[in-house]
$ cat query_28.pdb   # PDB, C-alpha atoms and all ligand atoms
ATOM      1  CA  MET A   1       0.000   0.000   0.000  1.00  0.00           C
ATOM      2  CA  ILE A   2       3.047   2.244   0.306  1.00  0.00           C
ATOM      3  CA  GLN A   3       2.806   3.315  -3.327  1.00  0.00           C
ATOM      4  CA  HIS A   4      -0.532   4.994  -2.617  1.00  0.00           C
ATOM      5  CA  HIS A   5       0.750   7.275   0.115  1.00  0.00           C
ATOM      6  CA  LEU A   6       0.428  10.438  -1.938  1.00  0.00           C
ATOM      7  CA  SER A   7      -3.301  10.175  -2.567  1.00  0.00           C
ATOM      8  CA  PRO A   8      -5.150  12.766  -0.515  1.00  0.00           C
ATOM      9  CA  SER A   9      -7.862  11.461   1.758  1.00  0.00           C
ATOM     10  CA  VAL A  10     -11.519  12.351   1.269  1.00  0.00           C
ATOM     11  CA  GLN A  11     -11.088  15.029   3.972  1.00  0.00           C
ATOM     12  CA  GLU A  12      -8.197  16.573   2.080  1.00  0.00           C
ATOM     13  CA  LEU A  13     -10.329  16.536  -1.064  1.00  0.00           C
ATOM     14  CA  SER A  14     -12.577  19.240   0.413  1.00  0.00           C
ATOM     15  CA  SER A  15      -9.685  21.610   1.009  1.00  0.00           C
ATOM     16  CA  THR A  16      -8.170  20.890  -2.415  1.00  0.00           C
ATOM     17  CA  LEU A  17     -11.500  21.638  -4.097  1.00  0.00           C
ATOM     18  CA  ASN A  18     -12.088  24.734  -1.957  1.00  0.00           C
ATOM     19  CA  LYS A  19      -8.674  26.097  -2.871  1.00  0.00           C
ATOM     20  CA  ILE A  20      -9.636  26.180  -6.529  1.00  0.00           C
ATOM     21  CA  GLY A  21     -13.065  27.587  -5.790  1.00  0.00           C
ATOM     22  CA  LEU A  22     -15.085  24.389  -6.092  1.00  0.00           C
ATOM     23  CA  ARG A  23     -17.491  23.172  -3.477  1.00  0.00           C
ATOM     24  CA  SER A  24     -17.062  19.701  -2.059  1.00  0.00           C
ATOM     25  CA  THR A  25     -20.510  18.453  -2.963  1.00  0.00           C
ATOM     26  CA  LYS A  26     -21.905  15.159  -1.715  1.00  0.00           C
ATOM     27  CA  GLN A  27     -21.560  13.816  -5.260  1.00  0.00           C
ATOM     28  CA  ARG A  28     -17.880  14.766  -5.576  1.00  0.00           C
ATOM     29  CA  LEU A  29     -17.041  13.310  -2.160  1.00  0.00           C
ATOM     30  CA  CYS A  30     -18.845  10.078  -2.969  1.00  0.00           C
ATOM     31  CA  VAL A  31     -17.174   9.668  -6.372  1.00  0.00           C
ATOM     32  CA  TYR A  32     -13.748  10.297  -4.853  1.00  0.00           C
ATOM     33  CA  ASP A  33     -14.460   7.897  -2.010  1.00  0.00           C
ATOM     34  CA  VAL A  34     -15.364   5.176  -4.516  1.00  0.00           C
ATOM     35  CA  ILE A  35     -12.108   5.781  -6.437  1.00  0.00           C
ATOM     36  CA  LEU A  36     -10.021   5.512  -3.261  1.00  0.00           C
ATOM     37  CA  ASP A  37     -11.960   2.523  -1.987  1.00  0.00           C
ATOM     38  CA  LYS A  38     -11.149   0.080  -4.762  1.00  0.00           C
ATOM     39  CA  ARG A  39      -7.978   0.903  -6.669  1.00  0.00           C
ATOM     40  CA  ASP A  40      -8.474  -1.430  -9.590  1.00  0.00           C
ATOM     41  CA  HIS A  41      -8.281   1.251 -12.295  1.00  0.00           C
ATOM     42  CA  PRO A  42     -12.022   1.376 -12.956  1.00  0.00           C
ATOM     43  CA  THR A  43     -13.600   2.911 -16.057  1.00  0.00           C
ATOM     44  CA  ALA A  44     -16.165   5.728 -15.761  1.00  0.00           C
ATOM     45  CA  ASP A  45     -18.880   3.071 -16.175  1.00  0.00           C
ATOM     46  CA  ASP A  46     -17.479   0.989 -13.297  1.00  0.00           C
ATOM     47  CA  ILE A  47     -17.326   4.080 -11.089  1.00  0.00           C
ATOM     48  CA  PHE A  48     -20.872   5.076 -12.036  1.00  0.00           C
ATOM     49  CA  LEU A  49     -22.215   1.651 -11.009  1.00  0.00           C
ATOM     50  CA  ARG A  50     -20.359   1.795  -7.677  1.00  0.00           C
ATOM     51  CA  VAL A  51     -21.442   5.365  -6.903  1.00  0.00           C
ATOM     52  CA  ARG A  52     -25.062   4.562  -7.779  1.00  0.00           C
ATOM     53  CA  LYS A  53     -25.146   2.025  -4.946  1.00  0.00           C
ATOM     54  CA  LYS A  54     -24.618   4.925  -2.555  1.00  0.00           C
ATOM     55  CA  LEU A  55     -26.376   7.712  -4.449  1.00  0.00           C
ATOM     56  CA  PRO A  56     -29.095   5.945  -6.463  1.00  0.00           C
ATOM     57  CA  LYS A  57     -30.280   9.130  -8.207  1.00  0.00           C
ATOM     58  CA  ILE A  58     -26.908  10.267  -9.526  1.00  0.00           C
ATOM     59  CA  SER A  59     -26.580  10.483 -13.321  1.00  0.00           C
ATOM     60  CA  PHE A  60     -23.703   9.227 -15.436  1.00  0.00           C
ATOM     61  CA  ALA A  61     -23.058  12.821 -16.606  1.00  0.00           C
ATOM     62  CA  THR A  62     -22.609  13.989 -13.007  1.00  0.00           C
ATOM     63  CA  VAL A  63     -20.182  11.158 -12.249  1.00  0.00           C
ATOM     64  CA  TYR A  64     -18.291  11.886 -15.450  1.00  0.00           C
ATOM     65  CA  ASN A  65     -18.104  15.609 -14.635  1.00  0.00           C
ATOM     66  CA  CYS A  66     -16.732  14.794 -11.168  1.00  0.00           C
ATOM     67  CA  LEU A  67     -14.064  12.604 -12.754  1.00  0.00           C
ATOM     68  CA  GLU A  68     -13.067  15.319 -15.217  1.00  0.00           C
ATOM     69  CA  THR A  69     -12.829  17.821 -12.347  1.00  0.00           C
ATOM     70  CA  PHE A  70     -10.559  15.487 -10.370  1.00  0.00           C
ATOM     71  CA  VAL A  71      -8.358  14.946 -13.420  1.00  0.00           C
ATOM     72  CA  GLU A  72      -8.128  18.714 -13.987  1.00  0.00           C
ATOM     73  CA  CYS A  73      -7.093  19.347 -10.374  1.00  0.00           C
ATOM     74  CA  GLY A  74      -4.562  16.531 -10.561  1.00  0.00           C
ATOM     75  CA  LEU A  75      -6.289  14.421  -7.904  1.00  0.00           C
ATOM     76  CA  VAL A  76      -6.804  11.473 -10.193  1.00  0.00           C
ATOM     77  CA  LYS A  77      -4.964  10.342 -13.279  1.00  0.00           C
ATOM     78  CA  LYS A  78      -6.795   9.350 -16.421  1.00  0.00           C
ATOM     79  CA  ILE A  79      -5.072   6.497 -18.156  1.00  0.00           C
ATOM     80  CA  ASN A  80      -5.547   5.016 -21.599  1.00  0.00           C
ATOM     81  CA  LEU A  81      -3.818   1.679 -21.896  1.00  0.00           C
ATOM     82  CA  ASP A  82      -5.561   0.480 -25.010  1.00  0.00           C
ATOM     83  CA  ARG A  83      -8.400   1.438 -27.311  1.00  0.00           C
ATOM     84  CA  THR A  84     -11.036   0.687 -24.688  1.00  0.00           C
ATOM     85  CA  SER A  85     -12.443   3.221 -22.224  1.00  0.00           C
ATOM     86  CA  SER A  86     -10.232   5.477 -20.136  1.00  0.00           C
ATOM     87  CA  ARG A  87      -9.485   4.292 -16.638  1.00  0.00           C
ATOM     88  CA  TYR A  88      -8.934   6.269 -13.481  1.00  0.00           C
ATOM     89  CA  CYS A  89      -6.090   5.954 -10.990  1.00  0.00           C
ATOM     90  CA  PRO A  90      -5.769   7.872  -7.700  1.00  0.00           C
ATOM     91  CA  ASN A  91      -2.130   6.878  -7.205  1.00  0.00           C
ATOM     92  CA  LEU A  92      -0.192  10.125  -7.631  1.00  0.00           C
ATOM     93  CA  ALA A  93       3.237   8.672  -6.942  1.00  0.00           C
ATOM     94  CA  PRO A  94       5.378   7.996 -10.039  1.00  0.00           C
ATOM     95  CA  HIS A  95       4.400   4.596 -11.336  1.00  0.00           C
ATOM     96  CA  ALA A  96       4.032   2.499 -14.453  1.00  0.00           C
ATOM     97  CA  HIS A  97       1.139   0.173 -15.234  1.00  0.00           C
ATOM     98  CA  PHE A  98       1.196  -3.481 -16.104  1.00  0.00           C
ATOM     99  CA  LYS A  99      -1.818  -4.853 -17.886  1.00  0.00           C
ATOM    100  CA  CYS A 100      -2.300  -8.588 -17.727  1.00  0.00           C
ATOM    101  CA  THR A 101      -3.486  -9.700 -21.145  1.00  0.00           C
ATOM    102  CA  GLU A 102      -5.192 -12.753 -19.640  1.00  0.00           C
ATOM    103  CA  SER A 103      -7.184 -11.285 -16.767  1.00  0.00           C
ATOM    104  CA  GLY A 104      -7.238  -7.636 -17.854  1.00  0.00           C
ATOM    105  CA  ALA A 105      -6.047  -6.671 -14.360  1.00  0.00           C
ATOM    106  CA  ILE A 106      -3.925  -3.540 -14.149  1.00  0.00           C
ATOM    107  CA  THR A 107      -1.161  -3.401 -11.554  1.00  0.00           C
ATOM    108  CA  ASP A 108       0.659  -0.281 -10.349  1.00  0.00           C
ATOM    109  CA  LEU A 109       4.437  -0.588 -10.536  1.00  0.00           C
ATOM    110  CA  PRO A 110       6.129   2.042  -8.364  1.00  0.00           C
ATOM    111  CA  ILE A 111       9.026   3.857 -10.029  1.00  0.00           C
ATOM    112  CA  CYS A 112      11.836   4.880  -7.714  1.00  0.00           C
ATOM    113  CA  GLU A 113      13.702   8.203  -7.964  1.00  0.00           C
ATOM    114  CA  GLU A 114      16.698   6.520  -9.574  1.00  0.00           C
ATOM    115  CA  THR A 115      14.668   4.784 -12.299  1.00  0.00           C
ATOM    116  CA  LEU A 116      12.717   7.975 -12.911  1.00  0.00           C
ATOM    117  CA  SER A 117      15.823  10.051 -13.520  1.00  0.00           C
ATOM    118  CA  SER A 118      17.229   7.313 -15.694  1.00  0.00           C
ATOM    119  CA  LEU A 119      14.030   7.384 -17.781  1.00  0.00           C
ATOM    120  CA  LYS A 120      14.155  11.163 -17.991  1.00  0.00           C
ATOM    121  CA  SER A 121      17.686  10.931 -19.343  1.00  0.00           C
ATOM    122  CA  ILE A 122      16.322   9.758 -22.720  1.00  0.00           C
ATOM    123  CA  LEU A 123      14.715  13.172 -23.272  1.00  0.00           C
ATOM    124  CA  PRO A 124      16.558  15.243 -25.859  1.00  0.00           C
ATOM    125  CA  LYS A 125      18.001  18.585 -24.768  1.00  0.00           C
ATOM    126  CA  GLY A 126      15.393  21.327 -24.513  1.00  0.00           C
ATOM    127  CA  PHE A 127      12.474  18.917 -24.157  1.00  0.00           C
ATOM    128  CA  SER A 128      10.420  19.883 -21.141  1.00  0.00           C
ATOM    129  CA  LEU A 129       8.609  17.065 -19.372  1.00  0.00           C
ATOM    130  CA  ALA A 130       5.063  17.655 -18.140  1.00  0.00           C
ATOM    131  CA  GLY A 131       4.180  14.043 -17.368  1.00  0.00           C
ATOM    132  CA  PHE A 132       4.600  10.531 -18.641  1.00  0.00           C
ATOM    133  CA  ASP A 133       2.660   7.374 -19.291  1.00  0.00           C
ATOM    134  CA  LEU A 134       4.516   4.117 -19.091  1.00  0.00           C
ATOM    135  CA  SER A 135       2.749   0.835 -19.456  1.00  0.00           C
ATOM    136  CA  PHE A 136       3.715  -2.768 -19.867  1.00  0.00           C
ATOM    137  CA  HIS A 137       1.543  -5.650 -20.946  1.00  0.00           C
ATOM    138  CA  GLY A 138       1.970  -9.372 -20.720  1.00  0.00           C
ATOM    139  CA  THR A 139       1.060 -12.075 -18.284  1.00  0.00           C
ATOM    140  CA  THR A 140       1.361 -12.213 -14.516  1.00  0.00           C
ATOM    141  CA  PRO A 141       2.089 -15.304 -12.395  1.00  0.00           C
ATOM    142  CA  SER A 142      -1.104 -17.276 -11.908  1.00  0.00           C
ATOM    143  CA  ASN A 143      -2.084 -18.512  -8.485  1.00  0.00           C
ATOM    144  CA  ASN A 144      -3.166 -21.963  -9.472  1.00  0.00           C
TER     145      ASN A 144
HETATM  146 ZN    ZN B 201      -2.178   3.371 -11.486  1.00  0.00          ZN
END

$ encode --input "query_28.pdb" --output "structure tokens" --more "lines below"
Ligand SMILES: [Zn+2]
Amino acid sequence: MIQHHLSPSVQELSSTLNKIGLRSTKQRLCVYDVILDKRDHPTADDIFLRVRKKLPKISFATVYNCLETFVECGLVKKINLDRTSSRYCPNLAPHAHFKCTESGAITDLPICEETLSSLKSILPKGFSLAGFDLSFHGTTPSNN
């Protein structure tokens, strides 16, 4: 769980939203709570179904707007590993993703400072880095 230490808690979400002039509505808190609760890189559809269990009247558009807000404030990362729907990840620490081609499961792979600077060293002079997406795919050890 150490790789998730940089994710703000639901309480911190309120202050982050307030700082940029957004209210911490019940909907936003609930959507964020759902994202922190199960870190399996859900799609917007997955998140909508989970949030609806708590807020039965919420619409998909509202959930989607909450997600876009979180992505804009840098609280959640939107990841696109393939041509399917975008997925959401609340892990803000530098990490790569590994997608298992058999189960579809996506695992966070923490990237240490040393590896990160080594990766950055491939950038040509004058290139300014704003972020990166690094993903692997293949199979993971099975448990049977
Ligand atoms: Zn992730």

$ resolve_selection --input "query_28.pdb" --expression "the PyMOL selection byres (((not hetatm)) within 6 of (chain B and resi 201))" --output "number ranges by chain"
A: 89, 91, 97, 108

$ closest_residue --input "query_28.pdb" --among "A:Phe48, A:Asp33, A:Ser135, A:Ala130" --to "Asn80 of chain A" --atoms "all atoms listed in the file"
A:Ser135

$ closest_residue --input "query_28.pdb" --among "A:Cys100, A:Val76, A:Ala93, A:Leu116" --to "Pro42 of chain A" --atoms "all atoms listed in the file"
A:Val76

$ residues_near_point --input "query_28.pdb" --point "(0.8, 11.4, -11.6)" --cutoff "12 Å" --atoms "all atoms listed in the file" --output "short mmCIF file (atom, residue, chain, number, x, y, z; two decimals) with C-alpha atoms, in the frame of the given file"
data_model
loop_
_atom_site.label_atom_id
_atom_site.label_comp_id
_atom_site.auth_asym_id
_atom_site.auth_seq_id
_atom_site.Cartn_x
_atom_site.Cartn_y
_atom_site.Cartn_z
CA GLN A 3 2.81 3.32 -3.33
CA HIS A 4 -0.53 4.99 -2.62
CA LEU A 6 0.43 10.44 -1.94
CA SER A 7 -3.30 10.18 -2.57
CA VAL A 71 -8.36 14.95 -13.42
CA GLU A 72 -8.13 18.71 -13.99
CA CYS A 73 -7.09 19.35 -10.37
CA GLY A 74 -4.56 16.53 -10.56
CA LEU A 75 -6.29 14.42 -7.90
CA VAL A 76 -6.80 11.47 -10.19
CA LYS A 77 -4.96 10.34 -13.28
CA LYS A 78 -6.80 9.35 -16.42
CA ILE A 79 -5.07 6.50 -18.16
CA TYR A 88 -8.93 6.27 -13.48
CA CYS A 89 -6.09 5.95 -10.99
CA PRO A 90 -5.77 7.87 -7.70
CA ASN A 91 -2.13 6.88 -7.20
CA LEU A 92 -0.19 10.12 -7.63
CA ALA A 93 3.24 8.67 -6.94
CA PRO A 94 5.38 8.00 -10.04
CA HIS A 95 4.40 4.60 -11.34
CA ALA A 96 4.03 2.50 -14.45
CA HIS A 97 1.14 0.17 -15.23
CA ASP A 108 0.66 -0.28 -10.35
CA PRO A 110 6.13 2.04 -8.36
CA ILE A 111 9.03 3.86 -10.03
CA ALA A 130 5.06 17.66 -18.14
CA GLY A 131 4.18 14.04 -17.37
CA PHE A 132 4.60 10.53 -18.64
CA ASP A 133 2.66 7.37 -19.29
CA LEU A 134 4.52 4.12 -19.09
#

$ resolve_selection --input "query_28.pdb" --expression "the PyMOL selection byres (((chain A and resi 10) around 7) and not hetatm)" --output "list in words"
Pro8, Ser9, Gln11, Glu12, Leu13, Leu29, Tyr32 and Asp33 of chain A

$ residues_around --input "query_28.pdb" --residues "Thr62 of chain A" --least-positions-apart "5" --cutoff "12 Å" --atoms "all atoms listed in the file" --output "short mmCIF file (atom, residue, chain, number, x, y, z; two decimals) with C-alpha atoms, in the coordinates of the input"
data_model
loop_
_atom_site.label_atom_id
_atom_site.label_comp_id
_atom_site.auth_asym_id
_atom_site.auth_seq_id
_atom_site.Cartn_x
_atom_site.Cartn_y
_atom_site.Cartn_z
CA THR A 25 -20.51 18.45 -2.96
CA LYS A 26 -21.90 15.16 -1.72
CA GLN A 27 -21.56 13.82 -5.26
CA ARG A 28 -17.88 14.77 -5.58
CA CYS A 30 -18.84 10.08 -2.97
CA VAL A 31 -17.17 9.67 -6.37
CA ALA A 44 -16.16 5.73 -15.76
CA ASP A 45 -18.88 3.07 -16.18
CA ILE A 47 -17.33 4.08 -11.09
CA PHE A 48 -20.87 5.08 -12.04
CA VAL A 51 -21.44 5.36 -6.90
CA ARG A 52 -25.06 4.56 -7.78
CA LEU A 55 -26.38 7.71 -4.45
CA LYS A 57 -30.28 9.13 -8.21
CA LEU A 67 -14.06 12.60 -12.75
CA GLU A 68 -13.07 15.32 -15.22
CA THR A 69 -12.83 17.82 -12.35
#

$ residues_around --input "query_28.pdb" --residues "Ser103 of chain A" --least-positions-apart "4" --cutoff "9 Å" --atoms "all atoms listed in the file" --output "ChimeraX atom specification"
/A:99,139-140

$ atom_distance --input "query_28.pdb" --atom1 "atom CA of Phe98 of chain A" --atom2 "atom CA of Gly138 of chain A"
7.5 Å

$ axis_aligned_box --input "query_28.pdb" --around "segment 136-140 of chain A" --padding-each-side "5 Å" --output "JSON"
{"center_x": 2.4, "center_y": -7.5, "center_z": -17.7, "size_x": 12.7, "size_y": 19.4, "size_z": 16.4}

$ atom_distance --input "query_28.pdb" --atom1 "atom CA of Lys38 of chain A" --atom2 "atom CA of Thr16 of chain A"
21.2 Å

$ closest_residue --input "query_28.pdb" --among "A:Ala61, A:Pro56, A:Ser14, A:Arg87" --to "Ile35 of chain A" --atoms "all atoms listed in the file"
A:Arg87

$ atom_distance --input "query_28.pdb" --atom1 "atom CA of Ser142 of chain A" --atom2 "atom CA of Gly104 of chain A"
12.9 Å

$ closest_residue --input "query_28.pdb" --among "A:Phe136, A:Phe127, A:Phe70, A:Phe60" --to "Leu22 of chain A" --atoms "all atoms listed in the file"
A:Phe70

$ decode --input "query_28.pdb" --residues "segment 27-142 of chain A" --atoms "C-alpha atoms" --output "JSON list (two decimals), in the first residue's frame"
[["chain", "number", "residue", "atom", "x", "y", "z"],
["A", 27, "GLN", "CA", -21.56, 13.82, -5.26],
["A", 28, "ARG", "CA", -17.88, 14.77, -5.58],
["A", 29, "LEU", "CA", -17.04, 13.31, -2.16],
["A", 30, "CYS", "CA", -18.84, 10.08, -2.97],
["A", 31, "VAL", "CA", -17.17, 9.67, -6.37],
["A", 32, "TYR", "CA", -13.75, 10.30, -4.85],
["A", 33, "ASP", "CA", -14.46, 7.90, -2.01],
["A", 34, "VAL", "CA", -15.36, 5.18, -4.52],
["A", 35, "ILE", "CA", -12.11, 5.78, -6.44],
["A", 36, "LEU", "CA", -10.02, 5.51, -3.26],
["A", 37, "ASP", "CA", -11.96, 2.52, -1.99],
["A", 38, "LYS", "CA", -11.15, 0.08, -4.76],
["A", 39, "ARG", "CA", -7.98, 0.90, -6.67],
["A", 40, "ASP", "CA", -8.47, -1.43, -9.59],
["A", 41, "HIS", "CA", -8.28, 1.25, -12.30],
["A", 42, "PRO", "CA", -12.02, 1.38, -12.96],
["A", 43, "THR", "CA", -13.60, 2.91, -16.06],
["A", 44, "ALA", "CA", -16.16, 5.73, -15.76],
["A", 45, "ASP", "CA", -18.88, 3.07, -16.18],
["A", 46, "ASP", "CA", -17.48, 0.99, -13.30],
["A", 47, "ILE", "CA", -17.33, 4.08, -11.09],
["A", 48, "PHE", "CA", -20.87, 5.08, -12.04],
["A", 49, "LEU", "CA", -22.22, 1.65, -11.01],
["A", 50, "ARG", "CA", -20.36, 1.79, -7.68],
["A", 51, "VAL", "CA", -21.44, 5.36, -6.90],
["A", 52, "ARG", "CA", -25.06, 4.56, -7.78],
["A", 53, "LYS", "CA", -25.15, 2.02, -4.95],
["A", 54, "LYS", "CA", -24.62, 4.92, -2.55],
["A", 55, "LEU", "CA", -26.38, 7.71, -4.45],
["A", 56, "PRO", "CA", -29.10, 5.94, -6.46],
["A", 57, "LYS", "CA", -30.28, 9.13, -8.21],
["A", 58, "ILE", "CA", -26.91, 10.27, -9.53],
["A", 59, "SER", "CA", -26.58, 10.48, -13.32],
["A", 60, "PHE", "CA", -23.70, 9.23, -15.44],
["A", 61, "ALA", "CA", -23.06, 12.82, -16.61],
["A", 62, "THR", "CA", -22.61, 13.99, -13.01],
["A", 63, "VAL", "CA", -20.18, 11.16, -12.25],
["A", 64, "TYR", "CA", -18.29, 11.89, -15.45],
["A", 65, "ASN", "CA", -18.10, 15.61, -14.63],
["A", 66, "CYS", "CA", -16.73, 14.79, -11.17],
["A", 67, "LEU", "CA", -14.06, 12.60, -12.75],
["A", 68, "GLU", "CA", -13.07, 15.32, -15.22],
["A", 69, "THR", "CA", -12.83, 17.82, -12.35],
["A", 70, "PHE", "CA", -10.56, 15.49, -10.37],
["A", 71, "VAL", "CA", -8.36, 14.95, -13.42],
["A", 72, "GLU", "CA", -8.13, 18.71, -13.99],
["A", 73, "CYS", "CA", -7.09, 19.35, -10.37],
["A", 74, "GLY", "CA", -4.56, 16.53, -10.56],
["A", 75, "LEU", "CA", -6.29, 14.42, -7.90],
["A", 76, "VAL", "CA", -6.80, 11.47, -10.19],
["A", 77, "LYS", "CA", -4.96, 10.34, -13.28],
["A", 78, "LYS", "CA", -6.79, 9.35, -16.42],
["A", 79, "ILE", "CA", -5.07, 6.50, -18.16],
["A", 80, "ASN", "CA", -5.55, 5.02, -21.60],
["A", 81, "LEU", "CA", -3.82, 1.68, -21.90],
["A", 82, "ASP", "CA", -5.56, 0.48, -25.01],
["A", 83, "ARG", "CA", -8.40, 1.44, -27.31],
["A", 84, "THR", "CA", -11.04, 0.69, -24.69],
["A", 85, "SER", "CA", -12.44, 3.22, -22.22],
["A", 86, "SER", "CA", -10.23, 5.48, -20.14],
["A", 87, "ARG", "CA", -9.49, 4.29, -16.64],
["A", 88, "TYR", "CA", -8.93, 6.27, -13.48],
["A", 89, "CYS", "CA", -6.09, 5.95, -10.99],
["A", 90, "PRO", "CA", -5.77, 7.87, -7.70],
["A", 91, "ASN", "CA", -2.13, 6.88, -7.20],
["A", 92, "LEU", "CA", -0.19, 10.13, -7.63],
["A", 93, "ALA", "CA", 3.24, 8.67, -6.94],
["A", 94, "PRO", "CA", 5.38, 8.00, -10.04],
["A", 95, "HIS", "CA", 4.40, 4.60, -11.34],
["A", 96, "ALA", "CA", 4.03, 2.50, -14.45],
["A", 97, "HIS", "CA", 1.14, 0.17, -15.23],
["A", 98, "PHE", "CA", 1.20, -3.48, -16.10],
["A", 99, "LYS", "CA", -1.82, -4.85, -17.89],
["A", 100, "CYS", "CA", -2.30, -8.59, -17.73],
["A", 101, "THR", "CA", -3.49, -9.70, -21.14],
["A", 102, "GLU", "CA", -5.19, -12.75, -19.64],
["A", 103, "SER", "CA", -7.18, -11.28, -16.77],
["A", 104, "GLY", "CA", -7.24, -7.64, -17.85],
["A", 105, "ALA", "CA", -6.05, -6.67, -14.36],
["A", 106, "ILE", "CA", -3.92, -3.54, -14.15],
["A", 107, "THR", "CA", -1.16, -3.40, -11.55],
["A", 108, "ASP", "CA", 0.66, -0.28, -10.35],
["A", 109, "LEU", "CA", 4.44, -0.59, -10.54],
["A", 110, "PRO", "CA", 6.13, 2.04, -8.36],
["A", 111, "ILE", "CA", 9.03, 3.86, -10.03],
["A", 112, "CYS", "CA", 11.84, 4.88, -7.71],
["A", 113, "GLU", "CA", 13.70, 8.20, -7.96],
["A", 114, "GLU", "CA", 16.70, 6.52, -9.57],
["A", 115, "THR", "CA", 14.67, 4.78, -12.30],
["A", 116, "LEU", "CA", 12.72, 7.97, -12.91],
["A", 117, "SER", "CA", 15.82, 10.05, -13.52],
["A", 118, "SER", "CA", 17.23, 7.31, -15.69],
["A", 119, "LEU", "CA", 14.03, 7.38, -17.78],
["A", 120, "LYS", "CA", 14.16, 11.16, -17.99],
["A", 121, "SER", "CA", 17.69, 10.93, -19.34],
["A", 122, "ILE", "CA", 16.32, 9.76, -22.72],
["A", 123, "LEU", "CA", 14.71, 13.17, -23.27],
["A", 124, "PRO", "CA", 16.56, 15.24, -25.86],
["A", 125, "LYS", "CA", 18.00, 18.59, -24.77],
["A", 126, "GLY", "CA", 15.39, 21.33, -24.51],
["A", 127, "PHE", "CA", 12.47, 18.92, -24.16],
["A", 128, "SER", "CA", 10.42, 19.88, -21.14],
["A", 129, "LEU", "CA", 8.61, 17.06, -19.37],
["A", 130, "ALA", "CA", 5.06, 17.65, -18.14],
["A", 131, "GLY", "CA", 4.18, 14.04, -17.37],
["A", 132, "PHE", "CA", 4.60, 10.53, -18.64],
["A", 133, "ASP", "CA", 2.66, 7.37, -19.29],
["A", 134, "LEU", "CA", 4.52, 4.12, -19.09],
["A", 135, "SER", "CA", 2.75, 0.83, -19.46],
["A", 136, "PHE", "CA", 3.71, -2.77, -19.87],
["A", 137, "HIS", "CA", 1.54, -5.65, -20.95],
["A", 138, "GLY", "CA", 1.97, -9.37, -20.72],
["A", 139, "THR", "CA", 1.06, -12.08, -18.28],
["A", 140, "THR", "CA", 1.36, -12.21, -14.52],
["A", 141, "PRO", "CA", 2.09, -15.30, -12.39],
["A", 142, "SER", "CA", -1.10, -17.28, -11.91]]
